[in-house]
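Please read the structure below before turning to the comments.
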Amino acid sequence: MGPPAGGSGIGSGAGPGFLLLLMRHGEAARTAGGGDRARPLTQQGRADVRRIAEAALRAGLRPARALVSPAGRARETAHVWAEALAGEIEVAEDEAIYEGGPEELLGRIRAHPPELATLLVVGHAPALPELARSLARDREVLRERLGGRFPPGTLVALAFAGAGPGSVERGAGEVRAVLPPGSS
């Protein structure tokens with residue numbers, strides 16, 4: 001199921017199975033004292049993330065847990081989500097989300113408890129966009145909505161038929177939402 005033609009790019013958030021929300025951190029400052037890890041979100045980046053988080057929540061895409069890179073811009077992105085959720089989200093930082101490739105991210109996702117219904121992962125390019133493309137059943141939907149890009153602040157929601165994060169398999173994710181900055 002793709003996004004509605006000409007629509008917001010949000011499908012139904014309800015349904016059985018497991019929902020994986022993959023978000024590239026919001027737009028970040030180009031430099032910061034402390035190097036790449038310390039780069040904060042720009043004012044525009046924070047505003048984009050807030051709009052996308054609010055649009056996702058209106059669509060019923062409500063994560064219970066966030067798995068987040070320890071980089072400042074990713075932590076700030078998760079903080080914006082936590083504000084939108086009134087603190088009702090468990091946030092866990094994981095070095096692998098900063099350092100790892102798509103395979104390592106997939107392993108970290110699958111390691112979560114089977115009773116978890118929705119997980120938000122906040123990470124970086126190129127690993128996170130590569131993972132999103134590999135998990136999507138209909139990659140053409142992502143290409144259409146993103147034009148082959150995956151800009152900072154983009155959220156992709158993928159639904160998997162099985163229960164829990166262990167059900168996440170390559171090519172099995174139904175695209176439920178594609179929200180790049182400026183789309184909400």
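Convention: chains lettered A, B, ... in structure tokens order; per-chain residue numbering from 1; ligands numbered from 1 as shown.
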
Contact residues around segment 105-114 of chain A with only C-alpha atoms at 6 Å, ignoring same-chain residues under 6 positions, as an mmCIF file with N, CA and C atoms, in the first residue's frame:
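The resulting result_7.cif:
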data_model
loop_
_atom_site.group_PDB
_atom_site.id
_atom_site.type_symbol
_atom_site.label_atom_id
_atom_site.label_comp_id
_atom_site.auth_asym_id
_atom_site.auth_seq_id
_atom_site.Cartn_x
_atom_site.Cartn_y
_atom_site.Cartn_z
ATOM 1 N N GLY A 164 6.259 -8.134 16.834
ATOM 2 C CA GLY A 164 7.512 -7.688 17.419
ATOM 3 C C GLY A 164 8.638 -7.452 16.425
ATOM 4 N N PRO A 165 9.712 -6.891 16.934
ATOM 5 C CA PRO A 165 10.867 -6.537 16.096
ATOM 6 C C PRO A 165 11.546 -7.724 15.423
ATOM 7 N N GLY A 166 11.380 -8.908 15.963
ATOM 8 C CA GLY A 166 11.966 -10.088 15.339
ATOM 9 C C GLY A 166 11.362 -10.401 13.976
#

DSSP alpha helix (DSSP H) residues within segment 72-171 of chain A, as a VMD selection string: chain A and resid 72 to 84 95 to 99 102 to 110 127 to 135 139 to 146

Surrounding residues of segment 87-97 of chain A excluding itself and chain neighbours under 6 positions, 8 Å, only C-alpha atoms, as a PyMOL selection string: chain A and resi 63-70+75+78+104-105+108+122-124

Write out as a PyMOL selection string the residues lying within 8 Å of Gly45 of chain A, counting only C-alpha atoms and excluding same-chain residues fewer than 6 positions away. chain A and resi 26-28+152-153

From the options A:Thr42, A:Leu19, A:Ala59, A:Ile52, which residue's atoms come nearest to Val168 of chain A, counting only C-alpha atoms?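 With only C-alpha atoms as the atom set, the closest residue is A:Leu19.
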